[in-house]
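Raw contents of upload_12.cif, mmCIF, C-alpha atoms:
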```
data_final
#
loop_
_atom_site.label_atom_id
_atom_site.label_comp_id
_atom_site.auth_asym_id
_atom_site.auth_seq_id
_atom_site.Cartn_x
_atom_site.Cartn_y
_atom_site.Cartn_z
CA MET N 1 27.52 -74.84 -6.13
CA TYR N 2 28.67 -71.26 -5.97
CA ILE N 3 26.98 -67.87 -6.04
CA GLY N 4 29.05 -64.72 -5.95
CA ASP N 5 28.97 -61.01 -6.66
CA ALA N 6 31.57 -59.86 -9.15
CA ASP N 7 31.62 -56.39 -7.58
CA ARG N 8 32.95 -57.89 -4.35
CA ILE N 9 35.71 -59.98 -5.93
CA PRO N 10 39.18 -58.40 -5.64
CA ALA N 11 40.54 -56.78 -8.81
CA ARG N 12 44.27 -57.18 -9.36
CA PRO N 13 46.33 -54.99 -11.68
CA VAL N 14 47.73 -56.78 -14.73
CA GLU N 15 51.35 -55.71 -14.91
CA VAL N 16 52.69 -57.54 -17.93
CA GLU N 17 54.57 -55.71 -20.68
CA GLY N 18 52.23 -53.92 -23.04
CA ALA N 19 49.29 -53.77 -20.61
CA LYS N 20 47.99 -50.30 -19.66
CA CYS N 21 45.40 -49.66 -16.93
CA VAL N 22 44.18 -53.26 -16.83
CA LYS N 23 42.58 -54.95 -13.82
CA LYS N 24 41.49 -58.57 -13.62
CA GLN N 25 39.02 -60.47 -11.44
CA ILE N 26 38.62 -64.23 -11.30
CA LEU N 27 34.87 -64.93 -11.27
CA VAL N 28 34.36 -68.66 -11.80
CA GLY N 29 36.97 -71.35 -12.31
CA PRO N 30 38.07 -74.75 -11.06
CA LYS N 31 37.92 -73.58 -7.43
CA GLU N 32 34.20 -72.87 -7.87
CA GLY N 33 33.67 -76.14 -9.77
CA TRP N 34 34.29 -75.32 -13.42
CA ASP N 35 36.94 -77.86 -14.36
CA GLY N 36 39.35 -76.74 -17.04
CA TRP N 37 38.00 -73.20 -17.61
CA VAL N 38 38.07 -69.79 -15.97
CA MET N 39 35.73 -66.81 -16.39
CA ARG N 40 37.51 -63.54 -15.67
CA ARG N 41 36.29 -59.93 -15.75
CA PHE N 42 38.67 -57.31 -17.07
CA THR N 43 38.38 -53.58 -16.48
CA LEU N 44 40.29 -51.21 -18.75
CA GLY N 45 40.69 -47.67 -17.44
CA GLY N 46 40.56 -44.65 -19.77
CA ASP N 47 42.65 -45.42 -22.86
CA GLY N 48 43.65 -48.75 -21.30
CA ARG N 49 44.68 -51.77 -23.31
CA THR N 50 45.64 -55.41 -22.91
CA PRO N 51 48.98 -56.47 -24.36
CA GLU N 52 49.20 -57.35 -28.02
CA HIS N 53 49.99 -61.05 -27.90
CA SER N 54 49.06 -64.57 -28.94
CA HIS N 55 49.02 -67.94 -27.19
CA PRO N 56 48.03 -71.52 -27.92
CA TRP N 57 44.56 -71.30 -26.37
CA PRO N 58 41.37 -69.42 -27.24
CA HIS N 59 39.45 -66.58 -25.58
CA ILE N 60 35.69 -66.21 -25.43
CA ALA N 61 34.75 -62.61 -24.66
CA TYR N 62 31.58 -60.63 -23.90
CA VAL N 63 31.71 -56.84 -23.52
CA LEU N 64 29.74 -55.64 -20.50
CA GLN N 65 30.29 -51.89 -20.67
CA GLY N 66 32.15 -49.21 -22.59
CA GLU N 67 33.40 -48.71 -26.11
CA GLY N 68 36.62 -49.77 -27.68
CA SER N 69 38.12 -52.09 -30.20
CA VAL N 70 39.66 -55.49 -30.50
CA MET N 71 42.60 -56.05 -32.80
CA LEU N 72 42.62 -59.51 -34.32
CA GLN N 73 45.43 -60.54 -36.65
CA GLY N 74 46.22 -56.92 -37.48
CA GLU N 75 42.63 -55.77 -38.13
CA GLU N 76 40.74 -53.46 -35.74
CA TYR N 77 37.08 -54.15 -34.98
CA PRO N 78 34.87 -51.80 -32.95
CA ILE N 79 33.30 -53.35 -29.84
CA GLY N 80 30.85 -52.16 -27.22
CA GLU N 81 28.23 -53.43 -24.78
CA GLY N 82 26.94 -56.78 -26.06
CA SER N 83 29.82 -57.50 -28.41
CA VAL N 84 30.99 -61.10 -28.36
CA ALA N 85 34.23 -62.54 -29.69
CA TYR N 86 35.89 -65.88 -30.19
CA VAL N 87 39.67 -65.45 -30.45
CA PRO N 88 41.16 -68.73 -31.68
CA ASP N 89 44.43 -70.34 -30.59
CA GLY N 90 47.39 -68.53 -32.02
CA ALA N 91 45.61 -65.35 -33.15
CA VAL N 92 47.40 -62.08 -32.32
CA HIS N 93 44.92 -59.93 -30.38
CA GLN N 94 44.58 -56.85 -28.19
CA PHE N 95 41.61 -55.22 -26.45
CA LYS N 96 41.61 -51.41 -26.33
CA ASN N 97 39.43 -48.90 -24.55
CA ARG N 98 38.73 -45.93 -26.82
CA LYS N 99 37.05 -43.76 -24.19
CA SER N 100 38.03 -42.03 -20.97
CA SER N 101 35.42 -44.03 -19.02
CA GLU N 102 35.95 -47.67 -18.08
CA MET N 103 35.44 -50.61 -20.41
CA THR N 104 34.69 -54.00 -18.89
CA PHE N 105 34.46 -57.42 -20.48
CA LEU N 106 34.26 -61.06 -19.55
CA CYS N 107 37.02 -63.24 -20.95
CA ILE N 108 36.89 -67.02 -20.65
CA VAL N 109 40.07 -69.00 -21.03
CA PRO N 110 41.19 -72.60 -20.51
CA GLU N 111 42.68 -73.07 -17.06
CA ARG N 112 46.18 -73.54 -18.46
CA GLY N 113 46.10 -70.01 -19.88
CA GLU N 114 44.67 -68.21 -16.85
CA ASP N 115 47.93 -66.73 -15.59
CA LEU N 116 49.17 -65.48 -18.91
CA MET T 1 37.82 -65.98 -35.28
CA TYR T 2 34.42 -64.47 -34.69
CA ILE T 3 33.10 -61.08 -33.62
CA GLY T 4 29.38 -60.56 -33.16
CA ASP T 5 26.81 -58.29 -31.59
CA ALA T 6 24.48 -60.06 -29.17
CA ASP T 7 21.75 -57.49 -29.86
CA ARG T 8 21.61 -58.65 -33.49
CA ILE T 9 21.43 -62.37 -32.75
CA PRO T 10 17.90 -63.82 -33.02
CA ALA T 11 16.14 -64.55 -29.73
CA ARG T 12 13.98 -67.67 -29.69
CA PRO T 13 11.24 -68.33 -27.14
CA VAL T 14 11.93 -71.23 -24.79
CA GLU T 15 8.73 -73.22 -24.75
CA VAL T 16 9.46 -76.10 -22.42
CA GLU T 17 7.15 -76.97 -19.53
CA GLY T 18 7.71 -74.68 -16.56
CA ALA T 19 9.30 -71.85 -18.56
CA LYS T 20 7.55 -68.46 -18.49
CA CYS T 21 8.55 -65.51 -20.69
CA VAL T 22 11.98 -66.89 -21.53
CA LYS T 23 13.95 -66.09 -24.67
CA LYS T 24 17.32 -67.55 -25.62
CA GLN T 25 20.13 -66.44 -27.91
CA ILE T 26 23.15 -68.52 -28.92
CA LEU T 27 26.17 -66.22 -28.71
CA VAL T 28 29.29 -68.36 -29.05
CA GLY T 29 29.56 -72.12 -29.49
CA PRO T 30 31.17 -74.80 -31.64
CA LYS T 31 30.01 -73.06 -34.84
CA GLU T 32 32.06 -69.99 -33.85
CA GLY T 33 35.00 -72.15 -32.75
CA TRP T 34 34.39 -72.98 -29.08
CA ASP T 35 34.55 -76.76 -29.10
CA GLY T 36 32.39 -78.44 -26.50
CA TRP T 37 30.78 -75.34 -24.93
CA VAL T 38 28.07 -72.81 -25.69
CA MET T 39 27.53 -69.30 -24.32
CA ARG T 40 23.87 -68.33 -24.41
CA ARG T 41 22.06 -65.15 -23.34
CA PHE T 42 18.67 -65.53 -21.68
CA THR T 43 16.09 -62.79 -21.32
CA LEU T 44 13.31 -63.22 -18.76
CA GLY T 45 10.32 -60.93 -19.22
CA GLY T 46 8.46 -59.47 -16.24
CA ASP T 47 7.93 -62.23 -13.67
CA GLY T 48 9.52 -64.70 -16.07
CA ARG T 49 11.26 -67.87 -14.98
CA THR T 50 13.23 -70.79 -16.34
CA PRO T 51 11.89 -74.28 -15.57
CA GLU T 52 12.79 -75.88 -12.25
CA HIS T 53 14.94 -78.79 -13.37
CA SER T 54 18.24 -80.61 -13.10
CA HIS T 55 20.54 -82.31 -15.59
CA PRO T 56 23.90 -84.08 -15.65
CA TRP T 57 25.91 -81.02 -16.73
CA PRO T 58 26.79 -77.70 -15.10
CA HIS T 59 25.84 -74.08 -15.80
CA ILE T 60 28.09 -71.07 -15.45
CA ALA T 61 26.00 -67.89 -15.22
CA TYR T 62 26.62 -64.12 -15.14
CA VAL T 63 23.73 -61.70 -14.59
CA LEU T 64 23.85 -58.76 -17.00
CA GLN T 65 20.78 -56.82 -16.00
CA GLY T 66 17.76 -56.91 -13.71
CA GLU T 67 16.93 -58.35 -10.33
CA GLY T 68 15.71 -61.77 -9.41
CA SER T 69 16.65 -64.95 -7.69
CA VAL T 70 18.13 -68.31 -8.40
CA MET T 71 16.81 -71.38 -6.64
CA LEU T 72 19.47 -73.98 -6.00
CA GLN T 73 18.60 -77.24 -4.31
CA GLY T 74 15.50 -75.70 -2.72
CA GLU T 75 17.15 -72.50 -1.43
CA GLU T 76 16.49 -69.08 -2.98
CA TYR T 77 19.38 -66.66 -3.48
CA PRO T 78 18.93 -63.05 -4.63
CA ILE T 79 20.79 -62.15 -7.83
CA GLY T 80 21.29 -58.98 -9.83
CA GLU T 81 23.73 -57.30 -12.19
CA GLY T 82 27.18 -58.80 -11.64
CA SER T 83 26.00 -61.94 -9.84
CA VAL T 84 27.84 -65.08 -10.89
CA ALA T 85 26.85 -68.69 -10.30
CA TYR T 86 28.22 -72.15 -10.81
CA VAL T 87 25.38 -74.68 -10.86
CA PRO T 88 26.89 -78.17 -10.62
CA ASP T 89 25.76 -81.32 -12.42
CA GLY T 90 22.58 -82.69 -10.91
CA ALA T 91 21.58 -79.60 -8.86
CA VAL T 92 17.91 -78.63 -9.07
CA HIS T 93 17.80 -74.98 -10.14
CA GLN T 94 15.56 -72.23 -11.47
CA PHE T 95 16.18 -68.60 -12.44
CA LYS T 96 13.39 -66.13 -11.64
CA ASN T 97 12.84 -62.50 -12.52
CA ARG T 98 11.38 -60.63 -9.52
CA LYS T 99 10.67 -57.39 -11.36
CA SER T 100 8.38 -56.21 -14.15
CA SER T 101 11.40 -55.13 -16.24
CA GLU T 102 13.58 -57.61 -18.10
CA MET T 103 16.31 -59.68 -16.49
CA THR T 104 19.14 -60.94 -18.70
CA PHE T 105 21.96 -63.34 -17.97
CA LEU T 106 24.66 -65.30 -19.72
CA CYS T 107 24.53 -69.05 -19.21
CA ILE T 108 27.36 -71.30 -20.39
CA VAL T 109 26.70 -74.97 -20.85
CA PRO T 110 28.50 -77.97 -22.34
CA GLU T 111 27.48 -78.53 -25.95
CA ARG T 112 25.61 -81.73 -25.08
CA GLY T 113 23.23 -79.74 -22.85
CA GLU T 114 22.55 -76.82 -25.17
CA ASP T 115 19.15 -77.96 -26.37
CA LEU T 116 17.75 -78.82 -23.01
#
```
For the structure just supplied, provide its representation as structure tokens.
Amino acid sequence: MYIGDADRIPARPVEVEGAKCVKKQILVGPKEGWDGWVMRRFTLGGDGRTPEHSHPWPHIAYVLQGEGSVMLQGEEYPIGEGSVAYVPDGAVHQFKNRKSSEMTFLCIVPERGEDL
Amino acid sequence: MYIGDADRIPARPVEVEGAKCVKKQILVGPKEGWDGWVMRRFTLGGDGRTPEHSHPWPHIAYVLQGEGSVMLQGEEYPIGEGSVAYVPDGAVHQFKNRKSSEMTFLCIVPERGEDL
């Protein structure tokens, strides 16, 4: 069993091409017992964005705070606190913060996609 | 792909023995594309609690709002916004709201355990 506090888990900058003001925390994954999956928390700074990309695994997302949009297959959808998304394998996607304040969201991914 | 708003998803009362003031929403599961897993959002009213129970599947939880505790194998742990938990298969557990205001948390479960 594991109980943690996300606010005390180190946040690492995401420095891949196309990312802007993105930090990532690993909340629960195989190390904590969840075989095969990882729950991460992303923080986008003002006007931050994740890279526009696709990969052969899904994302399951829940927006905790802020206002922005998610681009899915070329279409932009507004998102905010309480928005949920299922991004299927292979879909081109990008999360964007549309405000100057932070936007945070949970993003669950299969273990094989955690690093990417 | 799927994009939804948790605040617009119907909340159903959980009426199993031992539950008090518990409502559940199904946010993302197999119907939305996530094979084998379901993300739910639980709302505990003032002094609400989930039943004390165990089952042969895990929970992955993230506290969105409120203050309370989680009992795991007989020990009580304080939880609040940003708390995360991995409850392994077979562990006796119970979520409790310790305030008069609502407590909400995400709880991910394998599909086979969604109804229980």
Completion exercise
Of T:Tyr77, T:Trp37, T:Tyr2, T:Tyr62, the one nearest to chain N when counting only C-alpha atoms is T:Tyr2
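Counting from CA of Phe42 in chain N, the distance to CA of Arg8 in chain T is 23.7 Å.
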Problem - Hits of the PyMOL selection byres ((chain T and resi 61) around 10) in this structure, as a ChimeraX atom specification - result: /N:3,28,39 /T:39-41,58-60,62-64,82-87,105-109
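Distances here use only C-alpha atoms; by that measure, the residue among T:Arg112, T:Lys20, T:Asn97, T:Arg49 closest to Glu67 in chain T is T:Asn97.
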Mobile chain N fitted to chain T over all in-order Cα pairs, reported as a compact mmCIF listing (two decimals) with C-alpha atoms, keeping the file's coordinate frame:
```txt
# COMPACT_ATOMS: atom_id res chain seq x y z
CA MET N 1 37.82 -65.96 -35.28
CA TYR N 2 34.41 -64.47 -34.69
CA ILE N 3 33.09 -61.09 -33.62
CA GLY N 4 29.38 -60.56 -33.17
CA ASP N 5 26.81 -58.30 -31.58
CA ALA N 6 24.48 -60.06 -29.18
CA ASP N 7 21.75 -57.50 -29.86
CA ARG N 8 21.60 -58.65 -33.48
CA ILE N 9 21.43 -62.38 -32.76
CA PRO N 10 17.90 -63.83 -33.03
CA ALA N 11 16.14 -64.55 -29.72
CA ARG N 12 13.97 -67.66 -29.69
CA PRO N 13 11.23 -68.33 -27.14
CA VAL N 14 11.92 -71.23 -24.79
CA GLU N 15 8.72 -73.23 -24.74
CA VAL N 16 9.47 -76.11 -22.42
CA GLU N 17 7.16 -76.97 -19.52
CA GLY N 18 7.69 -74.69 -16.56
CA ALA N 19 9.31 -71.86 -18.55
CA LYS N 20 7.55 -68.46 -18.49
CA CYS N 21 8.54 -65.51 -20.69
CA VAL N 22 11.98 -66.89 -21.53
CA LYS N 23 13.97 -66.08 -24.67
CA LYS N 24 17.32 -67.55 -25.62
CA GLN N 25 20.14 -66.44 -27.92
CA ILE N 26 23.14 -68.52 -28.92
CA LEU N 27 26.18 -66.22 -28.71
CA VAL N 28 29.30 -68.37 -29.05
CA GLY N 29 29.56 -72.11 -29.49
CA PRO N 30 31.16 -74.79 -31.63
CA LYS N 31 30.02 -73.06 -34.83
CA GLU N 32 32.06 -69.99 -33.84
CA GLY N 33 35.01 -72.16 -32.74
CA TRP N 34 34.38 -72.97 -29.09
CA ASP N 35 34.55 -76.75 -29.08
CA GLY N 36 32.39 -78.44 -26.48
CA TRP N 37 30.78 -75.33 -24.93
CA VAL N 38 28.07 -72.80 -25.70
CA MET N 39 27.52 -69.29 -24.32
CA ARG N 40 23.86 -68.32 -24.42
CA ARG N 41 22.06 -65.14 -23.34
CA PHE N 42 18.68 -65.52 -21.69
CA THR N 43 16.09 -62.78 -21.32
CA LEU N 44 13.32 -63.21 -18.76
CA GLY N 45 10.32 -60.92 -19.22
CA GLY N 46 8.46 -59.45 -16.22
CA ASP N 47 7.94 -62.22 -13.65
CA GLY N 48 9.53 -64.70 -16.07
CA ARG N 49 11.25 -67.87 -14.97
CA THR N 50 13.22 -70.80 -16.34
CA PRO N 51 11.89 -74.27 -15.56
CA GLU N 52 12.78 -75.88 -12.26
CA HIS N 53 14.93 -78.79 -13.36
CA SER N 54 18.24 -80.61 -13.11
CA HIS N 55 20.54 -82.32 -15.60
CA PRO N 56 23.89 -84.06 -15.66
CA TRP N 57 25.91 -81.02 -16.73
CA PRO N 58 26.79 -77.70 -15.09
CA HIS N 59 25.83 -74.08 -15.80
CA ILE N 60 28.09 -71.06 -15.45
CA ALA N 61 26.01 -67.89 -15.23
CA TYR N 62 26.63 -64.12 -15.14
CA VAL N 63 23.73 -61.70 -14.60
CA LEU N 64 23.86 -58.77 -17.02
CA GLN N 65 20.77 -56.81 -16.00
CA GLY N 66 17.77 -56.92 -13.70
CA GLU N 67 16.94 -58.36 -10.32
CA GLY N 68 15.71 -61.77 -9.41
CA SER N 69 16.66 -64.95 -7.70
CA VAL N 70 18.13 -68.32 -8.40
CA MET N 71 16.80 -71.38 -6.63
CA LEU N 72 19.48 -73.98 -6.00
CA GLN N 73 18.58 -77.25 -4.31
CA GLY N 74 15.50 -75.71 -2.72
CA GLU N 75 17.15 -72.51 -1.43
CA GLU N 76 16.48 -69.08 -2.97
CA TYR N 77 19.38 -66.67 -3.48
CA PRO N 78 18.94 -63.06 -4.63
CA ILE N 79 20.79 -62.15 -7.84
CA GLY N 80 21.30 -58.97 -9.81
CA GLU N 81 23.73 -57.28 -12.19
CA GLY N 82 27.18 -58.80 -11.63
CA SER N 83 26.02 -61.93 -9.85
CA VAL N 84 27.85 -65.07 -10.89
CA ALA N 85 26.85 -68.68 -10.30
CA TYR N 86 28.22 -72.15 -10.81
CA VAL N 87 25.38 -74.69 -10.86
CA PRO N 88 26.90 -78.17 -10.62
CA ASP N 89 25.75 -81.33 -12.41
CA GLY N 90 22.59 -82.67 -10.91
CA ALA N 91 21.59 -79.61 -8.87
CA VAL N 92 17.91 -78.63 -9.07
CA HIS N 93 17.80 -74.97 -10.15
CA GLN N 94 15.55 -72.23 -11.48
CA PHE N 95 16.18 -68.60 -12.45
CA LYS N 96 13.39 -66.13 -11.64
CA ASN N 97 12.84 -62.50 -12.52
CA ARG N 98 11.39 -60.64 -9.54
CA LYS N 99 10.65 -57.39 -11.37
CA SER N 100 8.38 -56.22 -14.16
CA SER N 101 11.40 -55.13 -16.25
CA GLU N 102 13.59 -57.61 -18.09
CA MET N 103 16.33 -59.69 -16.50
CA THR N 104 19.15 -60.94 -18.70
CA PHE N 105 21.97 -63.34 -17.97
CA LEU N 106 24.66 -65.30 -19.73
CA CYS N 107 24.54 -69.05 -19.20
CA ILE N 108 27.35 -71.30 -20.39
CA VAL N 109 26.69 -74.98 -20.84
CA PRO N 110 28.50 -77.97 -22.33
CA GLU N 111 27.47 -78.53 -25.93
CA ARG N 112 25.60 -81.72 -25.07
CA GLY N 113 23.23 -79.75 -22.84
CA GLU N 114 22.56 -76.82 -25.18
CA ASP N 115 19.14 -77.95 -26.38
CA LEU N 116 17.75 -78.86 -23.01
```
Problem - Nearest to chain T, chosen from N:Gly113, N:Gly80, N:Gly74, N:Gly4, with all atoms listed in the file counted in the distances - result: N:Gly4
